[in-house]
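Peer 1: What follows is the file protein18.pdb, containing PDB, C-alpha atoms and all ligand atoms:
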ATOM      1  CA  MET A 167      -9.376  15.125  25.743
ATOM      2  CA  GLY A 168     -10.222  14.304  29.369
ATOM      3  CA  GLU A 169     -13.189  12.554  30.879
ATOM      4  CA  PRO A 170     -16.301  12.482  28.666
ATOM      5  CA  LEU A 171     -19.260  14.611  29.715
ATOM      6  CA  VAL A 172     -21.637  11.858  28.658
ATOM      7  CA  GLU A 173     -21.017   8.173  28.104
ATOM      8  CA  LEU A 174     -23.898   5.873  27.171
ATOM      9  CA  THR A 175     -22.932   2.211  26.887
ATOM     10  CA  GLY A 176     -25.338  -0.390  25.531
ATOM     11  CA  VAL A 177     -28.243   1.825  26.589
ATOM     12  CA  GLU A 178     -31.810   0.719  25.909
ATOM     13  CA  HIS A 179     -34.965   2.285  27.220
ATOM     14  CA  ARG A 180     -38.466   0.807  27.309
ATOM     15  CA  TYR A 181     -41.500   2.530  28.794
ATOM     16  CA  ARG A 182     -44.123   0.530  30.595
ATOM     17  CA  ALA A 183     -47.601   0.971  29.085
ATOM     18  CA  GLY A 184     -50.072  -1.186  30.996
ATOM     19  CA  ARG A 185     -48.796  -4.742  30.626
ATOM     20  CA  ASP A 186     -46.725  -3.854  27.592
ATOM     21  CA  HIS A 187     -43.309  -2.354  27.269
ATOM     22  CA  VAL A 188     -42.748   0.255  24.584
ATOM     23  CA  PRO A 189     -39.193   0.082  23.230
ATOM     24  CA  ALA A 190     -38.259   3.756  22.859
ATOM     25  CA  LEU A 191     -34.498   3.867  22.472
ATOM     26  CA  GLY A 192     -31.431   1.798  21.699
ATOM     27  CA  PRO A 193     -29.417  -0.205  22.094
ATOM     28  CA  LEU A 194     -26.937   2.583  21.513
ATOM     29  CA  ASP A 195     -23.524   3.831  22.544
ATOM     30  CA  LEU A 196     -22.851   7.549  22.611
ATOM     31  CA  ARG A 197     -20.096   9.732  23.956
ATOM     32  CA  VAL A 198     -20.016  13.511  24.293
ATOM     33  CA  ASP A 199     -16.692  15.178  25.076
ATOM     34  CA  PRO A 200     -16.014  18.526  26.738
ATOM     35  CA  GLY A 201     -16.281  21.324  24.173
ATOM     36  CA  GLU A 202     -18.686  19.428  21.933
ATOM     37  CA  PHE A 203     -21.999  20.742  20.650
ATOM     38  CA  LEU A 204     -23.922  17.582  19.761
ATOM     39  CA  VAL A 205     -27.225  17.888  17.917
ATOM     40  CA  VAL A 206     -29.627  14.932  17.792
ATOM     41  CA  VAL A 207     -32.199  14.718  14.996
ATOM     42  CA  GLY A 208     -34.608  11.951  14.072
ATOM     43  CA  PRO A 209     -38.220  11.179  13.234
ATOM     44  CA  SER A 210     -41.000  11.908  15.707
ATOM     45  CA  GLY A 211     -41.038   9.215  18.383
ATOM     46  CA  SER A 212     -37.467   8.064  17.720
ATOM     47  CA  GLY A 213     -36.487   8.611  21.349
ATOM     48  CA  LYS A 214     -34.753  12.002  21.222
ATOM     49  CA  SER A 215     -36.432  13.333  24.364
ATOM     50  CA  THR A 216     -35.921   9.964  26.040
ATOM     51  CA  LEU A 217     -32.207  10.267  25.322
ATOM     52  CA  LEU A 218     -32.129  13.695  27.004
ATOM     53  CA  ARG A 219     -34.141  12.413  29.964
ATOM     54  CA  LEU A 220     -31.644   9.582  30.481
ATOM     55  CA  VAL A 221     -28.697  11.973  30.334
ATOM     56  CA  GLY A 222     -30.483  14.415  32.663
ATOM     57  CA  GLY A 223     -31.139  11.657  35.207
ATOM     58  CA  PHE A 224     -34.936  11.993  34.879
ATOM     59  CA  GLU A 225     -35.144   8.357  33.680
ATOM     60  CA  ARG A 226     -32.842   5.375  34.164
ATOM     61  CA  PRO A 227     -31.933   3.109  31.261
ATOM     62  CA  THR A 228     -33.769  -0.225  31.188
ATOM     63  CA  THR A 229     -30.461  -1.846  30.251
ATOM     64  CA  GLY A 230     -26.947  -0.544  29.814
ATOM     65  CA  GLU A 231     -25.217   2.291  31.600
ATOM     66  CA  ALA A 232     -25.513   6.086  31.469
ATOM     67  CA  ARG A 233     -22.632   8.064  32.925
ATOM     68  CA  VAL A 234     -22.590  11.849  33.126
ATOM     69  CA  LEU A 235     -19.543  13.750  34.390
ATOM     70  CA  GLY A 236     -18.073  10.443  35.512
ATOM     71  CA  GLY A 237     -21.017   9.111  37.521
ATOM     72  CA  ALA A 238     -24.677   8.126  37.394
ATOM     73  CA  PRO A 239     -26.708  11.212  36.441
ATOM     74  CA  VAL A 240     -28.738  12.841  39.208
ATOM     75  CA  ALA A 241     -31.778  14.872  38.114
ATOM     76  CA  GLY A 242     -31.355  18.587  38.636
ATOM     77  CA  ARG A 243     -27.765  18.371  39.854
ATOM     78  CA  ASP A 244     -25.233  18.149  37.065
ATOM     79  CA  VAL A 245     -26.872  19.605  34.010
ATOM     80  CA  GLY A 246     -28.864  22.634  32.888
ATOM     81  CA  THR A 247     -32.029  22.005  30.893
ATOM     82  CA  VAL A 248     -34.013  24.131  28.441
ATOM     83  CA  PHE A 249     -37.334  22.854  27.061
ATOM     84  CA  GLN A 250     -39.587  23.869  24.183
ATOM     85  CA  GLN A 251     -41.636  26.073  26.525
ATOM     86  CA  PRO A 252     -39.686  28.497  28.767
ATOM     87  CA  ARG A 253     -41.529  27.396  31.958
ATOM     88  CA  LEU A 254     -40.702  30.616  33.837
ATOM     89  CA  PHE A 255     -42.292  31.542  37.169
ATOM     90  CA  PRO A 256     -44.969  34.101  36.195
ATOM     91  CA  TRP A 257     -45.137  35.579  39.698
ATOM     92  CA  GLN A 258     -41.510  36.654  39.504
ATOM     93  CA  THR A 259     -39.733  39.254  37.409
ATOM     94  CA  VAL A 260     -37.212  38.264  34.740
ATOM     95  CA  GLY A 261     -34.402  38.985  37.224
ATOM     96  CA  GLY A 262     -36.304  37.148  39.958
ATOM     97  CA  ASN A 263     -36.424  33.987  37.875
ATOM     98  CA  ILE A 264     -32.643  34.057  37.508
ATOM     99  CA  GLY A 265     -32.238  34.922  41.206
ATOM    100  CA  THR A 266     -34.228  31.830  42.194
ATOM    101  CA  ALA A 267     -32.024  29.610  40.040
ATOM    102  CA  LEU A 268     -28.938  31.163  41.644
ATOM    103  CA  ARG A 269     -30.380  30.538  45.107
ATOM    104  CA  TRP A 270     -31.006  26.885  44.189
ATOM    105  CA  ALA A 271     -27.428  26.714  42.937
ATOM    106  CA  GLY A 272     -26.215  27.873  46.366
ATOM    107  CA  VAL A 273     -24.982  31.303  45.234
ATOM    108  CA  PRO A 274     -24.843  33.644  48.273
ATOM    109  CA  ARG A 275     -27.489  36.382  48.307
ATOM    110  CA  ALA A 276     -24.885  39.174  48.130
ATOM    111  CA  ASP A 277     -23.456  37.818  44.874
ATOM    112  CA  ARG A 278     -26.788  37.328  43.143
ATOM    113  CA  PRO A 279     -27.455  40.854  41.731
ATOM    114  CA  ARG A 280     -24.135  40.856  39.876
ATOM    115  CA  ARG A 281     -24.645  37.318  38.601
ATOM    116  CA  ILE A 282     -28.191  38.208  37.451
ATOM    117  CA  ARG A 283     -26.751  41.144  35.470
ATOM    118  CA  ASP A 284     -24.009  38.954  33.972
ATOM    119  CA  LEU A 285     -26.363  36.119  32.996
ATOM    120  CA  LEU A 286     -28.969  38.430  31.459
ATOM    121  CA  GLY A 287     -26.170  40.295  29.678
ATOM    122  CA  GLN A 288     -24.945  37.008  28.232
ATOM    123  CA  VAL A 289     -28.318  36.455  26.537
ATOM    124  CA  GLY A 290     -28.724  40.117  25.521
ATOM    125  CA  LEU A 291     -31.398  41.017  28.078
ATOM    126  CA  ALA A 292     -29.494  43.171  30.571
ATOM    127  CA  GLU A 293     -32.198  45.864  30.515
ATOM    128  CA  LEU A 294     -35.133  43.563  31.188
ATOM    129  CA  ALA A 295     -34.452  42.377  34.759
ATOM    130  CA  PRO A 296     -37.331  44.358  36.354
ATOM    131  CA  ARG A 297     -39.961  43.260  33.802
ATOM    132  CA  ARG A 298     -42.638  40.682  34.487
ATOM    133  CA  THR A 299     -42.229  37.540  32.398
ATOM    134  CA  TRP A 300     -45.496  38.175  30.517
ATOM    135  CA  GLU A 301     -44.228  41.643  29.539
ATOM    136  CA  VAL A 302     -41.454  40.193  27.344
ATOM    137  CA  SER A 303     -41.734  38.394  24.013
ATOM    138  CA  GLY A 304     -41.663  34.623  23.502
ATOM    139  CA  GLY A 305     -38.097  34.797  22.193
ATOM    140  CA  GLN A 306     -37.026  36.876  25.194
ATOM    141  CA  GLN A 307     -38.702  34.425  27.554
ATOM    142  CA  GLN A 308     -36.724  31.618  25.978
ATOM    143  CA  ARG A 309     -33.528  33.669  26.457
ATOM    144  CA  VAL A 310     -34.429  34.010  30.144
ATOM    145  CA  ALA A 311     -34.863  30.221  30.296
ATOM    146  CA  ILE A 312     -31.387  29.797  28.795
ATOM    147  CA  ALA A 313     -29.874  32.279  31.286
ATOM    148  CA  ARG A 314     -31.623  30.402  34.092
ATOM    149  CA  ALA A 315     -30.208  27.088  32.879
ATOM    150  CA  LEU A 316     -26.725  28.635  32.896
ATOM    151  CA  ALA A 317     -27.085  29.964  36.462
ATOM    152  CA  ALA A 318     -25.485  26.957  38.118
ATOM    153  CA  ARG A 319     -22.591  27.065  35.586
ATOM    154  CA  PRO A 320     -23.384  23.537  34.415
ATOM    155  CA  ARG A 321     -20.755  21.758  32.393
ATOM    156  CA  LEU A 322     -23.511  20.213  30.325
ATOM    157  CA  LEU A 323     -26.574  21.884  28.855
ATOM    158  CA  LEU A 324     -29.490  19.814  27.523
ATOM    159  CA  MET A 325     -31.833  21.584  25.105
ATOM    160  CA  ASP A 326     -35.023  19.887  23.879
ATOM    161  CA  GLU A 327     -36.355  21.719  20.802
ATOM    162  CA  PRO A 328     -35.952  25.049  22.575
ATOM    163  CA  PHE A 329     -36.799  27.188  19.534
ATOM    164  CA  ALA A 330     -39.626  25.131  18.010
ATOM    165  CA  ALA A 331     -42.333  27.555  19.137
ATOM    166  CA  LEU A 332     -40.576  30.710  17.874
ATOM    167  CA  ASP A 333     -40.870  32.589  14.591
ATOM    168  CA  ALA A 334     -38.152  32.015  11.979
ATOM    169  CA  LEU A 335     -36.287  35.284  12.522
ATOM    170  CA  THR A 336     -36.157  34.982  16.310
ATOM    171  CA  ARG A 337     -35.114  31.375  15.904
ATOM    172  CA  GLU A 338     -32.148  32.312  13.700
ATOM    173  CA  ARG A 339     -31.047  35.020  16.126
ATOM    174  CA  LEU A 340     -31.163  32.644  19.082
ATOM    175  CA  GLN A 341     -29.284  29.991  17.127
ATOM    176  CA  GLU A 342     -26.473  32.499  16.644
ATOM    177  CA  ASP A 343     -26.369  33.216  20.389
ATOM    178  CA  VAL A 344     -26.511  29.576  21.399
ATOM    179  CA  ARG A 345     -23.646  28.635  19.133
ATOM    180  CA  SER A 346     -21.245  30.318  21.530
ATOM    181  CA  LEU A 347     -22.324  28.382  24.620
ATOM    182  CA  THR A 348     -19.650  25.700  24.503
ATOM    183  CA  ASP A 349     -16.070  26.245  25.555
ATOM    184  CA  ASP A 350     -13.212  23.819  26.194
ATOM    185  CA  GLU A 351     -14.904  22.445  29.316
ATOM    186  CA  ARG A 352     -18.596  22.695  28.564
ATOM    187  CA  GLY A 353     -20.846  20.803  26.199
ATOM    188  CA  VAL A 354     -24.358  20.928  24.806
ATOM    189  CA  VAL A 355     -26.747  18.170  23.703
ATOM    190  CA  PHE A 356     -29.465  19.766  21.585
ATOM    191  CA  VAL A 357     -32.530  18.065  20.082
ATOM    192  CA  THR A 358     -34.280  19.443  17.011
ATOM    193  CA  HIS A 359     -36.435  18.435  14.056
ATOM    194  CA  SER A 360     -34.741  21.010  11.852
ATOM    195  CA  VAL A 361     -31.852  19.787   9.708
ATOM    196  CA  ASP A 362     -30.821  23.411   9.045
ATOM    197  CA  GLU A 363     -30.682  24.182  12.738
ATOM    198  CA  ALA A 364     -28.710  20.990  13.376
ATOM    199  CA  VAL A 365     -26.018  21.769  10.796
ATOM    200  CA  PHE A 366     -25.776  25.401  11.870
ATOM    201  CA  LEU A 367     -25.291  24.601  15.557
ATOM    202  CA  ALA A 368     -23.462  21.318  15.686
ATOM    203  CA  ASP A 369     -19.902  20.149  15.955
ATOM    204  CA  ARG A 370     -21.440  16.743  15.430
ATOM    205  CA  VAL A 371     -24.879  15.570  14.303
ATOM    206  CA  VAL A 372     -26.372  12.243  15.362
ATOM    207  CA  VAL A 373     -29.387  10.993  13.417
ATOM    208  CA  LEU A 374     -31.564   8.503  15.286
ATOM    209  CA  SER A 375     -33.416   5.764  13.436
ATOM    210  CA  ASP A 376     -37.153   5.246  13.703
ATOM    211  CA  ARG A 377     -38.330   3.878  17.075
ATOM    212  CA  PRO A 378     -36.549   2.434  18.964
ATOM    213  CA  GLY A 379     -33.929   5.055  18.136
ATOM    214  CA  ARG A 380     -30.437   3.849  17.317
ATOM    215  CA  VAL A 381     -27.548   5.796  15.872
ATOM    216  CA  ALA A 382     -28.151   5.826  12.103
ATOM    217  CA  LEU A 383     -25.576   8.543  11.353
ATOM    218  CA  ASP A 384     -22.842  10.140  13.464
ATOM    219  CA  LEU A 385     -21.415  12.986  11.412
ATOM    220  CA  PRO A 386     -18.773  15.573  12.349
ATOM    221  CA  VAL A 387     -19.652  19.102  11.177
ATOM    222  CA  PRO A 388     -16.351  20.832  10.463
ATOM    223  CA  LEU A 389     -17.784  24.327   9.841
ATOM    224  CA  PRO A 390     -16.106  27.399  11.378
ATOM    225  CA  ARG A 391     -17.716  28.304  14.700
ATOM    226  CA  SER A 392     -16.662  31.938  14.643
ATOM    227  CA  GLY A 393     -15.240  34.507  12.269
ATOM    228  CA  VAL A 394     -17.762  33.833   9.492
ATOM    229  CA  PRO A 395     -21.048  35.803   9.430
ATOM    230  CA  ALA A 396     -24.058  33.531  10.021
ATOM    231  CA  ASP A 397     -25.684  34.325   6.649
ATOM    232  CA  GLU A 398     -22.471  33.563   4.815
ATOM    233  CA  LEU A 399     -22.135  30.265   6.656
ATOM    234  CA  ARG A 400     -25.731  29.268   5.908
ATOM    235  CA  GLY A 401     -25.217  30.145   2.248
ATOM    236  CA  SER A 402     -21.942  28.249   1.803
ATOM    237  CA  ALA A 403     -21.446  25.158  -0.353
ATOM    238  CA  GLU A 404     -20.046  23.242   2.654
ATOM    239  CA  PHE A 405     -23.205  23.999   4.621
ATOM    240  CA  ALA A 406     -25.407  22.800   1.745
ATOM    241  CA  ALA A 407     -23.422  19.572   1.386
ATOM    242  CA  LEU A 408     -23.694  18.751   5.101
ATOM    243  CA  ARG A 409     -27.379  19.649   5.132
ATOM    244  CA  GLY A 410     -27.915  17.302   2.190
ATOM    245  CA  GLU A 411     -26.120  14.479   3.951
ATOM    246  CA  VAL A 412     -28.111  14.844   7.184
ATOM    247  CA  ALA A 413     -31.425  15.314   5.337
ATOM    248  CA  GLY A 414     -30.706  12.165   3.307
ATOM    249  CA  ALA A 415     -30.123  10.152   6.489
ATOM    250  CA  VAL A 416     -33.318  11.518   8.077
ATOM    251  CA  ARG A 417     -35.310  10.624   4.953
ATOM    252  CA  ALA A 418     -33.801   7.137   4.882
ATOM    253  CA  VAL A 419     -34.714   6.337   8.490
ATOM    254  CA  ALA A 420     -38.210   7.804   8.156
ATOM    255  CA  ALA A 421     -38.981   5.848   4.981
TER     256      ALA A 421
HETATM  257  N1  LIG B   1     -43.900   8.164  29.544
HETATM  258  C1  LIG B   1     -44.049   7.382  28.490
HETATM  259  N2  LIG B   1     -44.764   6.229  28.553
HETATM  260  C2  LIG B   1     -44.918   5.412  27.489
HETATM  261  N3  LIG B   1     -44.350   5.652  26.289
HETATM  262  C3  LIG B   1     -43.636   6.794  26.156
HETATM  263  C4  LIG B   1     -43.448   7.711  27.233
HETATM  264  N4  LIG B   1     -42.689   8.747  26.803
HETATM  265  C5  LIG B   1     -42.418   8.490  25.511
HETATM  266  N5  LIG B   1     -42.978   7.313  25.131
HETATM  267  C6  LIG B   1     -42.864   6.680  23.792
HETATM  268  O1  LIG B   1     -41.482   6.458  23.538
HETATM  269  C7  LIG B   1     -41.152   6.771  22.197
HETATM  270  C8  LIG B   1     -40.048   7.825  22.150
HETATM  271  O2  LIG B   1     -40.570   9.036  22.691
HETATM  272  P1  LIG B   1     -39.719  10.384  22.718
HETATM  273  O3  LIG B   1     -40.587  11.446  23.307
HETATM  274  O4  LIG B   1     -38.412  10.134  23.351
HETATM  275  O5  LIG B   1     -39.507  10.637  21.150
HETATM  276  P2  LIG B   1     -39.030  11.966  20.377
HETATM  277  O6  LIG B   1     -38.076  11.508  19.328
HETATM  278  O7  LIG B   1     -38.545  12.969  21.341
HETATM  279  O8  LIG B   1     -40.414  12.428  19.724
HETATM  280  P3  LIG B   1     -40.858  13.879  19.168
HETATM  281  O9  LIG B   1     -39.893  14.225  18.091
HETATM  282  O10 LIG B   1     -42.238  13.625  18.629
HETATM  283  O11 LIG B   1     -40.839  14.829  20.338
HETATM  284  C9  LIG B   1     -42.457   7.201  21.527
HETATM  285  O12 LIG B   1     -43.001   6.108  20.846
HETATM  286  C10 LIG B   1     -43.339   7.599  22.696
HETATM  287  O13 LIG B   1     -44.703   7.407  22.389
END
Translate this structure into structure tokens?

Peer 2:
Amino acid sequence: MGEPLVELTGVEHRYRAGRDHVPALGPLDLRVDPGEFLVVVGPSGSGKSTLLRLVGGFERPTTGEARVLGGAPVAGRDVGTVFQQPRLFPWQTVGGNIGTALRWAGVPRADRPRRIRDLLGQVGLAELAPRRTWEVSGGQQQRVAIARALAARPRLLLMDEPFAALDALTRERLQEDVRSLTDDERGVVFVTHSVDEAVFLADRVVVLSDRPGRVALDLPVPLPRSGVPADELRGSAEFAALRGEVAGAVRAVAA
């Protein structure tokens, strides 16, 4: 199985608020292996974004240890991140946004046009490189954000409710695209409020308890990742059973 992509051991996180400390997360242990698509769900305020910030190296655990790719996580170095809002540079074209990410990743200038084409092709936007970011739809902007996060070929992608602001149809289409982002070496940690989205995307779903978030359920999702049309998968009895199990756990922790 190899070295884990993520290993959280006895991790707790508390935020300082004036003289007080707000317990936000843990204690919890969590491991993500190469090839895994882990989806984290839980009530509002249960520490899902905090968990991603710890893995991304944007925060350090108050206690316990976070290891990512075998070492302490360093913000902006090891992982790609996609947030709820695309956060593109409006003064650059779609292709320009990807080009900047490639430059930051140290890709030589001569290689960038081909890589821009490949990355935009991967998210179905090959034709849109010359457009301004405000000339493309919200769903397309989020695809650009995903392509940008993939520019540095990260082994780990962190996604914090990336489709929450999109309409239902666009959301389903993007879910289908995102499902193919893992391979034997890469992994994804994806946060959502949607139980449907979680079961559709995940190899494994973790449900966090109410604040401070602890692991209330850690459930493998043994649904086929390819070869079955998305509608058929969503309509299957196995899908419904898993959705019921996750929804039950979410209801229990929110009660
Ligand atoms: N910078 C901060 N300072 C103080 N408290 C914070 C800070 N960031 C988050 N918190 C608190 O920590 C807890 C967990 O927050 P977090 O954003 O991780 O939850 P979440 O599960 O992602 O929530 P949501 O689903 O609403 O986005 C919440 O109670 C929140 O108010």

Peer 1: Name the closest residue to ligand LIG 1 (chain B) among the candidates A:Arg345, A:Lys214, A:Arg319, A:His187; distances are taken between atoms, counting only C-alpha atoms and all ligand atoms.

Peer 2: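 Among the listed residues, the smallest separation from ligand LIG 1 (chain B) belongs to A:Lys214.
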
Peer 1: On this file, the PyMOL selection byres (((not hetatm)) within 7 of (chain B and resi 1)) gives some set of residues; write that set as a JSON list (two decimals) with C-alpha atoms, keeping the file's coordinate frame.

Peer 2:
[["chain", "number", "residue", "atom", "x", "y", "z"],
["A", 181, "TYR", "CA", -41.50, 2.53, 28.79],
["A", 182, "ARG", "CA", -44.12, 0.53, 30.60],
["A", 183, "ALA", "CA", -47.60, 0.97, 29.08],
["A", 188, "VAL", "CA", -42.75, 0.26, 24.58],
["A", 189, "PRO", "CA", -39.19, 0.08, 23.23],
["A", 190, "ALA", "CA", -38.26, 3.76, 22.86],
["A", 191, "LEU", "CA", -34.50, 3.87, 22.47],
["A", 208, "GLY", "CA", -34.61, 11.95, 14.07],
["A", 209, "PRO", "CA", -38.22, 11.18, 13.23],
["A", 210, "SER", "CA", -41.00, 11.91, 15.71],
["A", 211, "GLY", "CA", -41.04, 9.22, 18.38],
["A", 212, "SER", "CA", -37.47, 8.06, 17.72],
["A", 213, "GLY", "CA", -36.49, 8.61, 21.35],
["A", 214, "LYS", "CA", -34.75, 12.00, 21.22],
["A", 215, "SER", "CA", -36.43, 13.33, 24.36],
["A", 216, "THR", "CA", -35.92, 9.96, 26.04],
["A", 217, "LEU", "CA", -32.21, 10.27, 25.32],
["A", 359, "HIS", "CA", -36.44, 18.43, 14.06],
["A", 377, "ARG", "CA", -38.33, 3.88, 17.08]]

Peer 1: Measuring between all atoms listed in the file, which one of A:Val273, A:Ala364, A:Ala232, A:Val205 shows the shortest distance to Leu174 of chain A?

Peer 2: A:Ala232

Peer 1: In Å, how far is it from atom CA of Glu202 of chain A to atom CA of Gly353 of chain A?

Peer 2: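 These atoms are spaced 5.0 Å apart.
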
Peer 1: Considering all atoms listed in the file, can you say which of A:Ser392, A:Ser402, A:Ser375, A:Thr247 comes closest to Gly192 of chain A?

Peer 2: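 Of the candidates, the smallest distance to Gly192 of chain A is held by A:Ser375.
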
Peer 1: Quick one: residues within 7 Å of segment 266-272 of chain A, only C-alpha atoms counted, chain neighbours fewer than 4 positions away excluded, as an NGL selection string?

Peer 2: :A and (262 or 278 or 314 or 317-318)

Peer 1: Would you mind exporting the chosen residues as a PDB file, keeping the file's coordinate frame, restricted to C-alpha atoms?

Peer 2:
ATOM      1  CA  GLY A 262     -36.304  37.148  39.958  1.00  0.00           C
ATOM      2  CA  ARG A 278     -26.788  37.328  43.143  1.00  0.00           C
ATOM      3  CA  ARG A 314     -31.623  30.402  34.092  1.00  0.00           C
ATOM      4  CA  ALA A 317     -27.085  29.964  36.462  1.00  0.00           C
ATOM      5  CA  ALA A 318     -25.485  26.957  38.118  1.00  0.00           C
TER       6      ALA A 318
END

Peer 1: If you take every atom of segment 249-268 of chain A that the file lists and fit an axis-aligned box around them with 5 Å extra on each side, what centre and edge lengths come out in Å to one decimal, as JSON?

Peer 2:
{"center_x": -37.0, "center_y": 31.1, "center_z": 33.2, "size_x": 26.2, "size_y": 26.4, "size_z": 28.0}

Peer 1: Just say which residues the PyMOL selection byres (((chain A and resi 286) around 9) and not hetatm) picks in this file, as a list in words.

Peer 2: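 This file gives the following for the PyMOL selection byres (((chain A and resi 286) around 9) and not hetatm): Val260, Gly261, Ile264, Arg281, Ile282, Arg283, Asp284, Leu285, Gly287, Gln288, Val289, Gly290, Leu291, Ala292, Glu293, Leu294, Ala295, Arg309, Val310, Ala313 and Arg314 of chain A.
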
Peer 1: Between atom CA of Gly222 of chain A and atom CA of Gly176 of chain A, what is the distance, to one decimal in Å?

Peer 2: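 Spanning atom CA of Gly222 of chain A to atom CA of Gly176 of chain A is a straight-line distance of 17.2 Å.
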
Peer 1: Generate the missing atoms of segment 341-353 of chain A up to N, CA and C atoms and report them as a PDB file, keeping the file's coordinate frame.

Peer 2:
ATOM      1  N   GLN A 341     -30.277  30.998  17.542  1.00  0.00           N
ATOM      2  CA  GLN A 341     -29.284  29.991  17.127  1.00  0.00           C
ATOM      3  C   GLN A 341     -27.886  30.602  17.145  1.00  0.00           C
ATOM      4  N   GLU A 342     -27.794  31.848  16.669  1.00  0.00           N
ATOM      5  CA  GLU A 342     -26.473  32.499  16.644  1.00  0.00           C
ATOM      6  C   GLU A 342     -25.932  32.677  18.057  1.00  0.00           C
ATOM      7  N   ASP A 343     -26.817  33.049  19.002  1.00  0.00           N
ATOM      8  CA  ASP A 343     -26.369  33.216  20.389  1.00  0.00           C
ATOM      9  C   ASP A 343     -25.937  31.884  21.005  1.00  0.00           C
ATOM     10  N   VAL A 344     -26.742  30.863  20.742  1.00  0.00           N
ATOM     11  CA  VAL A 344     -26.511  29.576  21.399  1.00  0.00           C
ATOM     12  C   VAL A 344     -25.238  28.890  20.909  1.00  0.00           C
ATOM     13  N   ARG A 345     -24.860  29.233  19.698  1.00  0.00           N
ATOM     14  CA  ARG A 345     -23.646  28.635  19.133  1.00  0.00           C
ATOM     15  C   ARG A 345     -22.408  28.887  19.979  1.00  0.00           C
ATOM     16  N   SER A 346     -22.449  29.974  20.764  1.00  0.00           N
ATOM     17  CA  SER A 346     -21.245  30.318  21.530  1.00  0.00           C
ATOM     18  C   SER A 346     -21.276  29.746  22.949  1.00  0.00           C
ATOM     19  N   LEU A 347     -22.200  28.835  23.233  1.00  0.00           N
ATOM     20  CA  LEU A 347     -22.324  28.382  24.620  1.00  0.00           C
ATOM     21  C   LEU A 347     -21.291  27.344  25.042  1.00  0.00           C
ATOM     22  N   THR A 348     -20.657  26.677  24.092  1.00  0.00           N
ATOM     23  CA  THR A 348     -19.650  25.700  24.503  1.00  0.00           C
ATOM     24  C   THR A 348     -18.293  26.392  24.651  1.00  0.00           C
ATOM     25  N   ASP A 349     -17.476  25.856  25.525  1.00  0.00           N
ATOM     26  CA  ASP A 349     -16.070  26.245  25.555  1.00  0.00           C
ATOM     27  C   ASP A 349     -15.291  24.951  25.752  1.00  0.00           C
ATOM     28  N   ASP A 350     -14.014  25.042  26.122  1.00  0.00           N
ATOM     29  CA  ASP A 350     -13.212  23.819  26.194  1.00  0.00           C
ATOM     30  C   ASP A 350     -13.745  22.817  27.215  1.00  0.00           C
ATOM     31  N   GLU A 351     -14.455  23.316  28.233  1.00  0.00           N
ATOM     32  CA  GLU A 351     -14.904  22.445  29.316  1.00  0.00           C
ATOM     33  C   GLU A 351     -16.353  22.038  29.207  1.00  0.00           C
ATOM     34  N   ARG A 352     -17.142  22.887  28.569  1.00  0.00           N
ATOM     35  CA  ARG A 352     -18.596  22.695  28.564  1.00  0.00           C
ATOM     36  C   ARG A 352     -19.069  22.012  27.304  1.00  0.00           C
ATOM     37  N   GLY A 353     -20.259  21.415  27.381  1.00  0.00           N
ATOM     38  CA  GLY A 353     -20.846  20.803  26.199  1.00  0.00           C
ATOM     39  C   GLY A 353     -22.345  21.006  26.169  1.00  0.00           C
TER      40      GLY A 353
END
